[in-house]
>>> print(open('protein.txt').read())   # compact mmCIF, C-alpha atoms
# COMPACT_ATOMS: atom_id res chain seq x y z
CA MET A 232 -18.58 59.16 -37.86
CA LYS A 233 -17.46 55.55 -38.05
CA PHE A 234 -16.64 53.26 -40.97
CA LYS A 235 -15.76 49.63 -40.80
CA ASN A 236 -13.57 49.01 -43.84
CA PHE A 237 -11.41 51.13 -46.06
CA THR A 238 -10.69 49.29 -49.30
CA SER A 239 -11.28 52.05 -51.81
CA ILE A 240 -11.05 55.82 -51.75
CA ASN A 241 -14.69 55.70 -52.88
CA ASP A 242 -15.59 54.34 -49.43
CA LEU A 243 -15.30 57.94 -48.20
CA ASP A 244 -17.24 60.91 -49.47
CA LYS A 245 -15.93 64.46 -49.06
CA GLU A 246 -17.45 64.69 -45.60
CA GLY A 247 -15.74 61.45 -44.62
CA ILE A 248 -12.41 62.68 -45.94
CA ASP A 249 -12.76 65.93 -43.99
CA PHE A 250 -13.53 63.89 -40.89
CA VAL A 251 -10.33 61.84 -41.31
CA PHE A 252 -8.36 65.03 -41.92
CA ARG A 253 -9.65 66.61 -38.70
CA GLU A 254 -8.65 63.46 -36.86
CA ALA A 255 -5.25 63.54 -38.60
CA ASP A 256 -4.77 67.17 -37.48
CA ASN A 257 -5.29 65.99 -33.90
CA MET A 258 -2.76 63.21 -34.46
CA LEU A 259 -0.31 65.70 -35.90
CA LYS A 260 -0.56 67.77 -32.69
CA LEU A 261 0.01 64.62 -30.69
CA LEU A 262 3.12 63.84 -32.73
CA GLU A 263 4.42 67.41 -32.50
CA ASN A 264 3.97 67.45 -28.72
CA LYS A 265 5.63 64.01 -28.50
CA LYS A 266 2.96 62.93 -26.05
CA PRO A 267 2.40 59.22 -25.54
CA SER A 268 -1.06 58.02 -26.53
CA ASN A 269 -3.30 55.21 -25.35
CA ILE A 270 -5.95 55.61 -28.01
CA CYS A 271 -5.33 52.07 -29.34
CA ARG A 272 -4.14 50.49 -26.12
CA ASN A 273 -4.82 46.72 -26.11
CA LYS A 274 -5.57 46.83 -29.84
CA ILE A 275 -3.61 44.75 -32.33
CA LEU A 276 -2.97 45.61 -35.96
CA ALA A 277 -2.10 42.74 -38.33
CA THR A 278 -0.05 43.83 -41.33
CA LEU A 279 -0.38 41.21 -44.08
CA PHE A 280 2.06 42.30 -46.75
CA PHE A 281 2.22 39.83 -49.62
CA GLU A 282 4.29 42.33 -51.58
CA PRO A 283 7.33 44.42 -50.56
CA SER A 284 6.81 47.84 -49.02
CA THR A 285 8.83 50.27 -46.95
CA ARG A 286 6.78 53.38 -46.26
CA THR A 287 3.30 51.91 -46.14
CA ARG A 288 4.10 49.01 -43.84
CA LEU A 289 6.44 50.93 -41.57
CA SER A 290 4.10 53.89 -41.31
CA PHE A 291 1.18 51.59 -40.43
CA GLU A 292 3.32 49.97 -37.77
CA CYS A 293 4.64 53.31 -36.54
CA ALA A 294 1.09 54.71 -36.43
CA MET A 295 -0.16 51.81 -34.31
CA HIS A 296 2.82 52.04 -31.94
CA ARG A 297 2.31 55.80 -31.58
CA LEU A 298 -1.30 55.08 -30.59
CA GLY A 299 -0.19 52.65 -27.88
CA GLY A 300 -1.26 49.51 -29.76
CA SER A 301 0.66 46.44 -30.96
CA VAL A 302 1.49 45.03 -34.36
CA ILE A 303 1.75 41.50 -35.73
CA GLY A 304 2.21 40.38 -39.31
CA PHE A 305 4.60 39.59 -42.11
CA ALA A 306 6.41 41.70 -44.65
CA ASP A 307 7.02 39.07 -47.27
CA ALA A 308 4.71 36.43 -48.74
CA ASN A 309 7.60 33.94 -48.54
CA THR A 310 7.42 34.01 -44.75
CA SER A 311 3.67 33.36 -44.66
CA SER A 312 1.67 30.22 -45.32
CA GLU A 313 0.81 31.57 -48.76
CA LYS A 314 4.12 30.00 -49.74
CA LYS A 315 2.58 26.64 -48.80
CA GLY A 316 -0.44 27.36 -50.95
CA GLU A 317 -2.79 28.77 -48.33
CA SER A 318 -5.66 30.77 -49.81
CA LEU A 319 -6.27 34.39 -48.88
CA PHE A 320 -9.67 33.33 -47.56
CA ASP A 321 -8.05 30.94 -45.06
CA THR A 322 -5.38 33.48 -44.08
CA ILE A 323 -8.03 36.10 -43.30
CA ARG A 324 -10.28 33.67 -41.41
CA THR A 325 -7.28 32.77 -39.27
CA VAL A 326 -5.77 36.19 -38.68
CA GLU A 327 -9.10 37.88 -37.89
CA SER A 328 -9.13 36.05 -34.59
CA TYR A 329 -5.63 37.33 -33.72
CA CYS A 330 -6.20 41.05 -34.16
CA ASP A 331 -8.55 44.05 -34.14
CA VAL A 332 -7.77 45.46 -37.57
CA ILE A 333 -5.98 44.18 -40.69
CA ALA A 334 -3.91 46.15 -43.21
CA ILE A 335 -3.38 44.08 -46.33
CA ARG A 336 -1.17 44.53 -49.37
CA SER A 337 -1.39 42.12 -52.26
CA PRO A 338 -0.13 42.00 -55.83
CA PHE A 339 -3.64 40.84 -56.84
CA GLU A 340 -6.25 43.44 -57.67
CA GLY A 341 -9.42 43.22 -55.60
CA ALA A 342 -7.67 41.23 -52.83
CA SER A 343 -8.76 43.63 -50.09
CA LYS A 344 -12.37 43.35 -51.22
CA LEU A 345 -12.17 39.57 -50.92
CA ALA A 346 -10.59 40.02 -47.47
CA MET A 347 -13.34 42.43 -46.44
CA GLN A 348 -16.07 39.99 -47.46
CA ASN A 349 -14.59 37.32 -45.22
CA SER A 350 -13.38 39.23 -42.19
CA SER A 351 -15.12 40.11 -38.97
CA VAL A 352 -12.50 42.78 -38.20
CA PRO A 353 -11.93 45.97 -40.22
CA ILE A 354 -9.86 45.69 -43.39
CA ILE A 355 -7.63 48.46 -44.71
CA ASN A 356 -6.37 48.18 -48.27
CA ALA A 357 -2.64 48.92 -48.18
CA GLY A 358 -2.38 48.49 -51.96
CA ASP A 359 -3.80 45.83 -54.29
CA GLY A 360 -1.77 45.39 -57.46
CA GLY A 361 -2.31 48.24 -59.89
CA HIS A 362 -5.82 48.84 -58.60
CA GLU A 363 -5.99 51.08 -55.52
CA HIS A 364 -3.95 52.36 -52.63
CA PRO A 365 -6.51 54.42 -50.72
CA THR A 366 -4.46 55.29 -47.61
CA GLN A 367 -1.81 56.72 -49.92
CA THR A 368 -4.56 58.73 -51.59
CA LEU A 369 -5.69 60.13 -48.28
CA LEU A 370 -2.18 61.22 -47.37
CA ASP A 371 -1.71 62.65 -50.87
CA LEU A 372 -4.90 64.68 -50.50
CA TYR A 373 -3.87 65.70 -46.99
CA THR A 374 -0.49 66.89 -48.32
CA ILE A 375 -2.18 68.97 -51.02
CA LYS A 376 -4.62 70.43 -48.49
CA LYS A 377 -1.84 71.30 -46.07
CA ASN A 378 0.21 73.00 -48.77
CA LYS A 379 -2.40 74.58 -51.05
CA ASN A 380 -5.08 75.07 -48.41
CA ARG A 381 -7.70 73.66 -50.79
CA LEU A 382 -8.57 70.58 -52.82
CA SER A 383 -10.50 72.37 -55.56
CA ASN A 384 -9.63 74.80 -58.38
CA LEU A 385 -6.30 73.11 -58.95
CA LYS A 386 -4.44 72.07 -62.08
CA ILE A 387 -2.79 68.81 -61.16
CA GLY A 388 -0.29 66.98 -63.33
CA LEU A 389 -0.11 63.21 -62.99
CA CYS A 390 3.07 62.02 -64.63
CA GLY A 391 4.71 58.70 -65.47
CA ASP A 392 3.07 55.32 -65.15
CA LEU A 393 -0.63 56.08 -65.22
CA LYS A 394 -1.49 52.59 -66.47
CA PHE A 395 -0.23 50.51 -63.57
CA GLY A 396 0.25 53.30 -60.99
CA ARG A 397 -2.46 52.65 -58.42
CA THR A 398 -1.62 55.83 -56.48
CA ALA A 399 -2.37 57.92 -59.53
CA HIS A 400 -5.65 56.02 -60.14
CA SER A 401 -6.94 56.61 -56.64
CA LEU A 402 -5.74 60.22 -56.43
CA ALA A 403 -7.35 61.11 -59.77
CA GLN A 404 -10.65 59.61 -58.62
CA ALA A 405 -10.56 61.48 -55.33
CA LEU A 406 -9.67 64.81 -56.94
CA SER A 407 -12.52 64.39 -59.40
CA ASP A 408 -14.96 64.79 -56.49
CA TYR A 409 -13.79 68.38 -55.90
CA ASP A 410 -14.86 71.36 -58.01
CA ASN A 411 -13.00 72.77 -60.98
CA ASN A 412 -9.95 70.56 -60.85
CA ILE A 413 -8.14 69.89 -64.11
CA LEU A 414 -6.13 66.70 -64.40
CA VAL A 415 -3.20 66.86 -66.80
CA CYS A 416 -2.18 63.30 -67.61
CA ILE A 417 1.44 63.18 -68.73
CA SER A 418 2.48 59.76 -69.98
CA PRO A 419 3.60 57.86 -73.07
CA ASP A 420 0.87 56.07 -75.08
CA GLU A 421 1.76 52.74 -73.46
CA LEU A 422 1.21 54.01 -69.92
CA GLN A 423 -2.02 56.00 -70.15
CA PHE A 424 -4.89 55.58 -67.70
CA PRO A 425 -6.85 52.34 -68.19
CA GLU A 426 -10.17 52.90 -69.97
CA GLY A 427 -12.15 51.90 -66.87
CA ILE A 428 -10.54 54.63 -64.75
CA LYS A 429 -10.80 57.20 -67.52
CA ASN A 430 -14.51 56.42 -67.97
CA LYS A 431 -15.15 56.80 -64.26
CA LEU A 432 -13.42 60.18 -64.21
CA GLU A 433 -15.33 61.37 -67.26
CA GLU A 434 -18.61 60.14 -65.75
CA LYS A 435 -17.95 62.57 -62.89
CA GLY A 436 -17.40 65.37 -65.39
CA THR A 437 -13.69 65.78 -64.65
CA LYS A 438 -11.69 67.74 -67.19
CA ILE A 439 -8.80 65.58 -68.38
CA LEU A 440 -5.98 66.84 -70.58
CA GLN A 441 -3.55 64.36 -72.11
CA THR A 442 0.03 65.13 -73.14
CA LYS A 443 3.35 63.39 -73.51
CA ASN A 444 5.36 66.56 -72.89
CA LEU A 445 6.11 67.30 -69.23
CA LYS A 446 8.21 70.40 -69.95
CA GLU A 447 5.37 72.09 -71.82
CA ALA A 448 2.86 71.34 -69.07
CA MET A 449 5.12 72.31 -66.15
CA GLY A 450 4.52 76.08 -66.13
CA GLU A 451 0.76 75.79 -65.71
CA LEU A 452 0.63 73.24 -62.92
CA ASP A 453 -0.22 73.87 -59.26
CA VAL A 454 0.76 70.33 -58.32
CA LEU A 455 2.86 67.70 -60.08
CA TYR A 456 2.43 64.13 -58.90
CA MET A 457 5.34 62.11 -60.27
CA THR A 458 5.15 58.33 -60.34
CA ARG A 459 7.72 55.64 -60.88
CA ILE A 460 7.72 53.47 -64.00
CA GLN A 461 7.04 50.22 -62.17
CA LYS A 462 9.37 47.48 -63.35
CA GLU A 463 7.44 44.80 -61.43
CA ARG A 464 4.24 45.45 -63.42
CA PHE A 465 5.81 44.83 -66.84
CA VAL A 466 5.64 41.42 -68.47
CA SER A 467 8.70 42.17 -70.61
CA GLU A 468 11.97 43.76 -69.42
CA LYS A 469 12.45 45.20 -72.90
CA GLU A 470 9.22 47.19 -72.63
CA TYR A 471 10.29 48.49 -69.22
CA LEU A 472 13.72 49.60 -70.43
CA LYS A 473 12.13 51.39 -73.36
CA LEU A 474 10.10 53.61 -71.02
CA LYS A 475 12.41 53.90 -68.01
CA GLY A 476 13.77 57.40 -67.51
CA ILE A 477 11.29 58.94 -69.93
CA TYR A 478 10.39 61.72 -67.48
CA VAL A 479 12.87 63.33 -65.08
CA VAL A 480 12.33 66.39 -62.91
CA ASP A 481 15.65 68.13 -62.41
CA LYS A 482 16.66 71.72 -61.66
CA GLU A 483 16.14 72.78 -65.24
CA MET A 484 12.66 71.24 -65.39
CA LEU A 485 11.71 72.75 -62.04
CA SER A 486 12.86 76.22 -63.16
CA GLY A 487 9.79 76.31 -65.41
CA ALA A 488 7.35 75.75 -62.54
CA LYS A 489 5.36 78.36 -60.59
CA GLN A 490 6.75 79.61 -57.29
CA ASP A 491 3.84 78.18 -55.31
CA PHE A 492 3.91 74.90 -57.20
CA ILE A 493 4.42 71.65 -55.26
CA LEU A 494 6.24 68.53 -56.41
CA MET A 495 4.90 65.28 -54.96
CA HIS A 496 5.88 61.62 -55.32
CA PRO A 497 4.48 58.57 -53.50
CA LEU A 498 8.04 57.14 -53.36
CA PRO A 499 10.11 55.08 -53.86
CA ARG A 500 11.66 57.03 -56.72
CA VAL A 501 14.12 55.57 -59.17
CA ASP A 502 15.32 58.27 -61.54
CA GLU A 503 12.21 60.39 -62.14
CA ILE A 504 13.19 63.05 -59.59
CA ASN A 505 16.81 64.08 -59.55
CA PRO A 506 18.06 64.42 -55.92
CA GLU A 507 19.44 67.83 -56.90
CA VAL A 508 15.90 69.26 -56.42
CA ASP A 509 15.38 67.73 -52.95
CA GLU A 510 16.26 70.97 -51.17
CA ASP A 511 13.94 73.11 -53.29
CA LYS A 512 11.08 74.27 -51.04
CA ARG A 513 8.62 73.10 -53.69
CA SER A 514 9.81 69.50 -53.32
CA ILE A 515 7.59 68.12 -50.61
CA TYR A 516 7.74 64.34 -51.12
CA PHE A 517 9.47 63.54 -47.84
CA LYS A 518 6.95 65.66 -45.94
CA GLN A 519 4.27 63.82 -47.92
CA ALA A 520 5.71 60.48 -46.73
CA PHE A 521 5.63 61.77 -43.14
CA TYR A 522 1.93 62.64 -43.44
CA GLY A 523 1.35 58.90 -43.81
CA ILE A 524 1.75 58.65 -40.05
CA PRO A 525 -1.00 61.05 -38.88
CA ILE A 526 -3.33 59.80 -41.62
CA ARG A 527 -2.87 56.13 -40.68
CA MET A 528 -3.09 56.99 -37.00
CA ALA A 529 -6.40 58.69 -37.74
CA LEU A 530 -7.70 55.66 -39.66
CA LEU A 531 -6.62 53.17 -36.99
CA SER A 532 -8.12 55.30 -34.29
CA ILE A 533 -11.47 55.61 -36.10
CA MET A 534 -11.66 52.00 -37.23
CA THR A 535 -10.83 50.38 -33.91
CA ARG A 536 -13.33 52.39 -31.88
CA GLY A 537 -15.83 50.15 -30.15
CA MET B 560 -43.86 26.25 -90.92
CA MET B 561 -40.53 24.75 -89.93
CA GLU B 562 -41.38 24.70 -86.21
CA ARG B 563 -44.35 22.43 -86.73
CA ARG B 564 -42.03 19.65 -87.84
CA VAL B 565 -40.33 19.63 -84.45
CA ARG B 566 -41.97 17.56 -81.79
CA ASN B 567 -43.26 19.13 -78.58
CA ILE B 568 -41.76 18.33 -75.21
CA LYS B 569 -43.76 17.16 -72.23
CA ASP B 570 -41.79 18.86 -69.46
CA GLY B 571 -38.86 21.20 -69.81
CA THR B 572 -37.75 24.50 -71.30
CA VAL B 573 -38.00 26.08 -74.71
CA ILE B 574 -35.53 28.88 -75.31
CA ASP B 575 -36.95 30.81 -78.21
CA HIS B 576 -35.99 33.90 -80.22
CA ILE B 577 -32.30 33.23 -79.84
CA GLU B 578 -30.26 35.45 -82.13
CA PRO B 579 -29.53 33.39 -85.28
CA GLY B 580 -26.34 31.38 -84.95
CA ARG B 581 -26.18 31.70 -81.14
CA ALA B 582 -28.00 28.49 -80.19
CA ILE B 583 -24.80 26.47 -79.92
CA LYS B 584 -23.32 29.10 -77.61
CA VAL B 585 -26.47 29.06 -75.49
CA LEU B 586 -26.31 25.28 -75.35
CA SER B 587 -22.69 25.43 -74.19
CA VAL B 588 -23.64 27.22 -70.96
CA LEU B 589 -26.42 24.83 -69.97
CA LYS B 590 -25.66 22.19 -67.36
CA GLY B 591 -27.25 18.77 -66.85
CA ILE B 592 -28.55 18.26 -70.38
CA GLU B 593 -26.50 15.20 -71.23
CA ASP B 594 -29.26 12.63 -70.71
CA GLY B 595 -32.45 14.37 -71.87
CA CYS B 596 -33.76 15.05 -75.35
CA VAL B 597 -32.42 18.32 -76.80
CA ILE B 598 -33.76 19.79 -80.03
CA ILE B 599 -31.86 22.63 -81.65
CA CYS B 600 -33.11 24.61 -84.62
CA ILE B 601 -30.89 27.16 -86.26
CA ASN B 602 -31.80 29.92 -88.70
CA ILE B 603 -35.54 29.36 -88.55
CA GLU B 604 -37.76 31.96 -90.19
CA SER B 605 -39.21 34.35 -87.65
CA ASN B 606 -41.96 36.91 -88.07
CA LYS B 607 -40.48 39.11 -85.38
CA TYR B 608 -36.74 38.92 -86.08
CA ASN B 609 -36.60 37.60 -89.65
CA LYS B 610 -34.50 34.63 -88.48
CA LYS B 611 -33.98 33.00 -85.12
CA ASP B 612 -32.64 29.91 -83.34
CA PHE B 613 -34.47 27.97 -80.69
CA ILE B 614 -33.75 25.09 -78.32
CA LYS B 615 -36.14 22.64 -76.68
CA ILE B 616 -34.79 20.70 -73.73
CA GLU B 617 -36.71 17.90 -72.08
CA ASN B 618 -36.76 17.79 -68.27
CA LYS B 619 -34.55 20.85 -67.88
CA PHE B 620 -35.36 24.00 -65.93
CA LEU B 621 -32.82 26.82 -65.91
CA GLU B 622 -30.63 27.80 -63.00
CA GLU B 623 -30.32 31.53 -62.26
CA ASN B 624 -26.79 31.83 -63.64
CA GLU B 625 -27.78 29.95 -66.83
CA TYR B 626 -30.69 32.35 -67.29
CA ASN B 627 -28.35 35.31 -66.77
CA GLU B 628 -25.79 34.03 -69.21
CA ILE B 629 -28.42 33.47 -71.88
CA ALA B 630 -29.44 37.11 -71.39
CA LEU B 631 -25.85 38.12 -72.14
CA ILE B 632 -25.52 35.84 -75.17
CA SER B 633 -28.86 36.69 -76.72
CA PRO B 634 -30.69 39.57 -74.99
CA ASN B 635 -33.94 39.02 -76.96
CA ALA B 636 -34.32 35.33 -76.11
CA THR B 637 -37.55 34.15 -74.48
CA ILE B 638 -37.77 31.38 -71.92
CA ASN B 639 -40.83 29.13 -72.02
CA ILE B 640 -41.49 26.66 -69.23
CA ILE B 641 -43.40 23.58 -70.34
CA LYS B 642 -45.21 21.36 -67.87
CA ASN B 643 -47.36 18.42 -68.93
CA LYS B 644 -47.20 19.62 -72.57
CA LYS B 645 -48.57 23.03 -71.64
CA ARG B 646 -46.67 26.29 -71.58
CA VAL B 647 -46.98 27.57 -68.02
CA SER B 648 -44.82 30.66 -68.41
CA LYS B 649 -43.14 32.72 -71.07
CA GLU B 650 -40.80 35.61 -70.43
CA LYS B 651 -38.11 37.54 -72.20
CA VAL B 652 -34.74 37.26 -70.54
CA LYS B 653 -33.65 40.30 -68.56
CA ILE B 654 -30.05 41.40 -68.30
CA PRO B 655 -29.36 41.48 -64.56
CA LYS B 656 -27.51 44.31 -62.82
CA LYS B 657 -25.10 41.89 -61.20
CA ILE B 658 -23.77 38.60 -62.56
CA ARG B 659 -22.09 35.93 -60.48
CA LYS B 660 -20.24 32.71 -61.29
CA ILE B 661 -20.10 33.50 -65.02
CA GLY B 662 -16.99 33.89 -67.12
CA LYS B 663 -13.54 35.12 -66.18
CA CYS B 664 -12.24 38.59 -65.50
CA ILE B 665 -10.04 39.82 -68.36
CA ASN B 666 -7.43 41.11 -65.91
CA PRO B 667 -4.75 38.45 -65.25
CA ARG B 668 -3.82 40.25 -62.01
CA CYS B 669 -7.39 40.14 -60.69
CA ILE B 670 -7.80 38.21 -57.43
CA THR B 671 -10.53 36.10 -59.09
CA ASN B 672 -7.93 34.73 -61.52
CA ASN B 673 -5.51 33.90 -58.74
CA GLN B 674 -7.68 32.38 -56.01
CA ASN B 675 -10.40 29.80 -56.17
CA ILE B 676 -13.32 32.20 -55.86
CA GLU B 677 -16.45 32.94 -57.86
CA THR B 678 -16.44 35.84 -60.26
CA GLU B 679 -18.85 38.74 -59.88
CA PHE B 680 -19.55 41.50 -62.39
CA ASP B 681 -21.70 44.62 -62.47
CA VAL B 682 -23.45 45.20 -65.78
CA ILE B 683 -22.66 48.84 -66.49
CA ASP B 684 -24.02 49.01 -70.05
CA THR B 685 -26.42 46.86 -72.03
CA GLU B 686 -26.01 48.03 -75.64
CA PRO B 687 -23.46 46.67 -76.13
CA ILE B 688 -23.05 44.73 -72.91
CA VAL B 689 -20.20 46.01 -70.74
CA LEU B 690 -19.27 44.25 -67.50
CA ARG B 691 -17.19 45.61 -64.62
CA CYS B 692 -15.45 43.17 -62.31
CA SER B 693 -16.68 43.75 -58.74
CA TYR B 694 -13.20 43.00 -57.42
CA CYS B 695 -10.62 44.72 -59.64
CA GLU B 696 -13.07 46.98 -61.54
CA SER B 697 -11.69 46.03 -64.97
CA THR B 698 -14.30 46.56 -67.65
CA ALA B 699 -14.89 44.49 -70.75
CA GLY B 700 -17.58 43.55 -73.20
CA TYR B 701 -19.16 40.13 -72.88
CA ARG B 702 -17.13 37.93 -75.21
CA ASN B 703 -19.00 35.20 -76.97
>>> encode(input="protein.txt", output="structure tokens")
Amino acid sequence: MKFKNFTSINDLDKEGIDFVFREADNMLKLLENKKPSNICRNKILATLFFEPSTRTRLSFECAMHRLGGSVIGFADANTSSEKKGESLFDTIRTVESYCDVIAIRSPFEGASKLAMQNSSVPIINAGDGGHEHPTQTLLDLYTIKKNKNRLSNLKIGLCGDLKFGRTAHSLAQALSDYDNNILVCISPDELQFPEGIKNKLEEKGTKILQTKNLKEAMGELDVLYMTRIQKERFVSEKEYLKLKGIYVVDKEMLSGAKQDFILMHPLPRVDEINPEVDEDKRSIYFKQAFYGIPIRMALLSIMTRG
Amino acid sequence: MMERRVRNIKDGTVIDHIEPGRAIKVLSVLKGIEDGCVIICINIESNKYNKKDFIKIENKFLEENEYNEIALISPNATINIIKNKKRVSKEKVKIPKKIRKIGKCINPRCITNNQNIETEFDVIDTEPIVLRCSYCESTAGYRN
């Protein structure tokens, strides 16, 4: 199997996701054995990050280095020609001739699609505003699969900022392709899923439950996906402060969860997961962040094949 | 009765069966009509729809995006092409599946509102009309 671009989780069907996961399992073995790889030797990844990122950018770069390839790019729009007013179109038309694959993050929604339409090299969406973050979704699914051994028949809580949280949007859409999953959306009225996303989930026949009460929902969940209330997406600071800290998972909250429950978070966290639960075996968010490496190695390997 | 008082055009387009009161909106999306003769009739009696608007435009033939936008403004409108005083075609507008270069995405964070690029929408419902931005996937009704 081969696919040229990866701008939305909908670019992959279940078979495609399984294929990436098998490839990621191979990458995991490679990482565990600490064997050097030449899979992407002489290949160059360009990371165009118009918005700050730690995990996504570094894990893309790490993944390419682990595969024996090289990385060019910028981590801040202020150090690119965007600062001088260059259009994304021009940036892509320039950078495509410098590299073999591009990972792009933008604050503007749909930016990776525009990049894809104008690039001769593969485009990977590394997050576009509040829209999608499909590589995060893949690693989230991979984490669930690794821990629960399945992606169906699960009750999954999505908690926090479901309005602007692109990771929650993409994960919900992906999970809706698997049988008998129930999505429990835990958020205040102001931060519920956008209508467009909700409609798409309902079109697929996904069962969606809505609540504002995390504590009540906790005991029934197989997975809880916490998200950060994203300050940078609010127009008003007052609105942000009103909602900040509304949900916190601490020892007391976690005591109500099942023993085989898993607590996930795309990170960075602010105050929604108290560090006191970090050592609980059900807290798997750092392992989840690590899975970004094999998943991105798998994608780079597949997408740069001749 | 009323229509007979309006003169015919030799070459051009007659947009008929426009929803009453929408003719001005239809007119606002048409390009290159500054120099030719334009006849607008509003709230004319209609056998089919009780009332209707229509527009006759001399020496004007619609572009694809104008045709598409008329379909969004008034889905029952008919487009008549007139050549040498004869009607050579008549068809009801069809709402296309995809619309380009029309309107703005409602999402201020959409790439189309932040770069100089053409908009593109998928029509995901027709009654009422609901558009989904092909870039950011925000959905909205067509606002008149």
>>> closest_atom_pairs(input="protein.txt", of="chain A", to="chain B", cutoff="7 Å", atoms="all atoms listed in the file", output="Markdown table")
| residue | atom | partner | partner_atom | distance |
| --- | --- | --- | --- | --- |
| A:Ser318 | CA | B:Gln674 | CA | 6.7 |
| A:Phe339 | CA | B:Ile670 | CA | 5.0 |
| A:Glu340 | CA | B:Cys669 | CA | 4.6 |
| A:Gly341 | CA | B:Tyr694 | CA | 4.2 |
| A:Ala342 | CA | B:Ile670 | CA | 5.5 |
| A:Lys344 | CA | B:Tyr694 | CA | 6.3 |
| A:His362 | CA | B:Cys695 | CA | 6.4 |
| A:Gly427 | CA | B:Thr698 | CA | 5.8 |
>>> residues_around(input="protein.txt", residues="segment 612-616 of chain B", least_positions_apart="2", cutoff="9 Å", atoms="only C-alpha atoms", output="PyMOL selection string")
chain B and resi 567-568+570-582+585-586+592+595-604+610+618-620+636
>>> residues_around(input="protein.txt", residues="Lys656 of chain B", least_positions_apart="6", cutoff="8 Å", atoms="all atoms listed in the file", output="list in words")
Asp681, Val682 and Ile683 of chain B
>>> atom_distance(input="protein.txt", atom1="atom CA of Tyr478 of chain A", atom2="atom CA of Lys435 of chain A")
28.7 Å
>>> residues_around(input="protein.txt", residues="Thr535 of chain A", least_positions_apart="5", cutoff="10 Å", atoms="all atoms listed in the file", output="list in words")
Lys233, Phe234, Lys235, Ile270, Cys271, Lys274, Ile275, Leu276, Asp331, Val332, Val352, Pro353 and Leu530 of chain A
>>> build_atoms(input="protein.txt", residues="segment 578-582 of chain B", atoms="all heavy atoms", output="PDB file, in the frame of the given file")
ATOM      1  N   GLU B 578     -30.870  34.811 -80.953  1.00  0.00           N
ATOM      2  CA  GLU B 578     -30.260  35.450 -82.130  1.00  0.00           C
ATOM      3  C   GLU B 578     -29.711  34.369 -83.053  1.00  0.00           C
ATOM      4  O   GLU B 578     -29.064  33.421 -82.567  1.00  0.00           O
ATOM      5  CB  GLU B 578     -29.105  36.337 -81.639  1.00  0.00           C
ATOM      6  CG  GLU B 578     -28.848  37.549 -82.496  1.00  0.00           C
ATOM      7  CD  GLU B 578     -27.786  38.411 -81.862  1.00  0.00           C
ATOM      8  OE1 GLU B 578     -27.992  38.859 -80.715  1.00  0.00           O
ATOM      9  OE2 GLU B 578     -26.746  38.602 -82.496  1.00  0.00           O
ATOM     10  N   PRO B 579     -29.970  34.468 -84.382  1.00  0.00           N
ATOM     11  CA  PRO B 579     -29.530  33.390 -85.280  1.00  0.00           C
ATOM     12  C   PRO B 579     -28.044  33.086 -85.166  1.00  0.00           C
ATOM     13  O   PRO B 579     -27.228  34.000 -85.128  1.00  0.00           O
ATOM     14  CB  PRO B 579     -29.897  33.899 -86.680  1.00  0.00           C
ATOM     15  CG  PRO B 579     -30.369  35.290 -86.524  1.00  0.00           C
ATOM     16  CD  PRO B 579     -30.665  35.543 -85.096  1.00  0.00           C
ATOM     17  N   GLY B 580     -27.744  31.812 -85.047  1.00  0.00           N
ATOM     18  CA  GLY B 580     -26.340  31.380 -84.950  1.00  0.00           C
ATOM     19  C   GLY B 580     -25.829  31.288 -83.514  1.00  0.00           C
ATOM     20  O   GLY B 580     -24.708  30.839 -83.294  1.00  0.00           O
ATOM     21  N   ARG B 581     -26.655  31.695 -82.531  1.00  0.00           N
ATOM     22  CA  ARG B 581     -26.180  31.700 -81.140  1.00  0.00           C
ATOM     23  C   ARG B 581     -26.646  30.473 -80.343  1.00  0.00           C
ATOM     24  O   ARG B 581     -26.303  30.360 -79.174  1.00  0.00           O
ATOM     25  CB  ARG B 581     -26.678  32.954 -80.409  1.00  0.00           C
ATOM     26  CG  ARG B 581     -26.183  34.265 -80.990  1.00  0.00           C
ATOM     27  CD  ARG B 581     -24.754  34.494 -80.561  1.00  0.00           C
ATOM     28  NE  ARG B 581     -24.200  35.714 -81.089  1.00  0.00           N
ATOM     29  CZ  ARG B 581     -23.942  36.796 -80.376  1.00  0.00           C
ATOM     30  NH1 ARG B 581     -24.235  36.798 -79.097  1.00  0.00           N
ATOM     31  NH2 ARG B 581     -23.403  37.836 -80.926  1.00  0.00           N
ATOM     32  N   ALA B 582     -27.432  29.605 -80.954  1.00  0.00           N
ATOM     33  CA  ALA B 582     -28.000  28.490 -80.190  1.00  0.00           C
ATOM     34  C   ALA B 582     -26.915  27.580 -79.615  1.00  0.00           C
ATOM     35  O   ALA B 582     -27.016  27.116 -78.472  1.00  0.00           O
ATOM     36  CB  ALA B 582     -28.944  27.683 -81.064  1.00  0.00           C
TER      37      ALA B 582
END
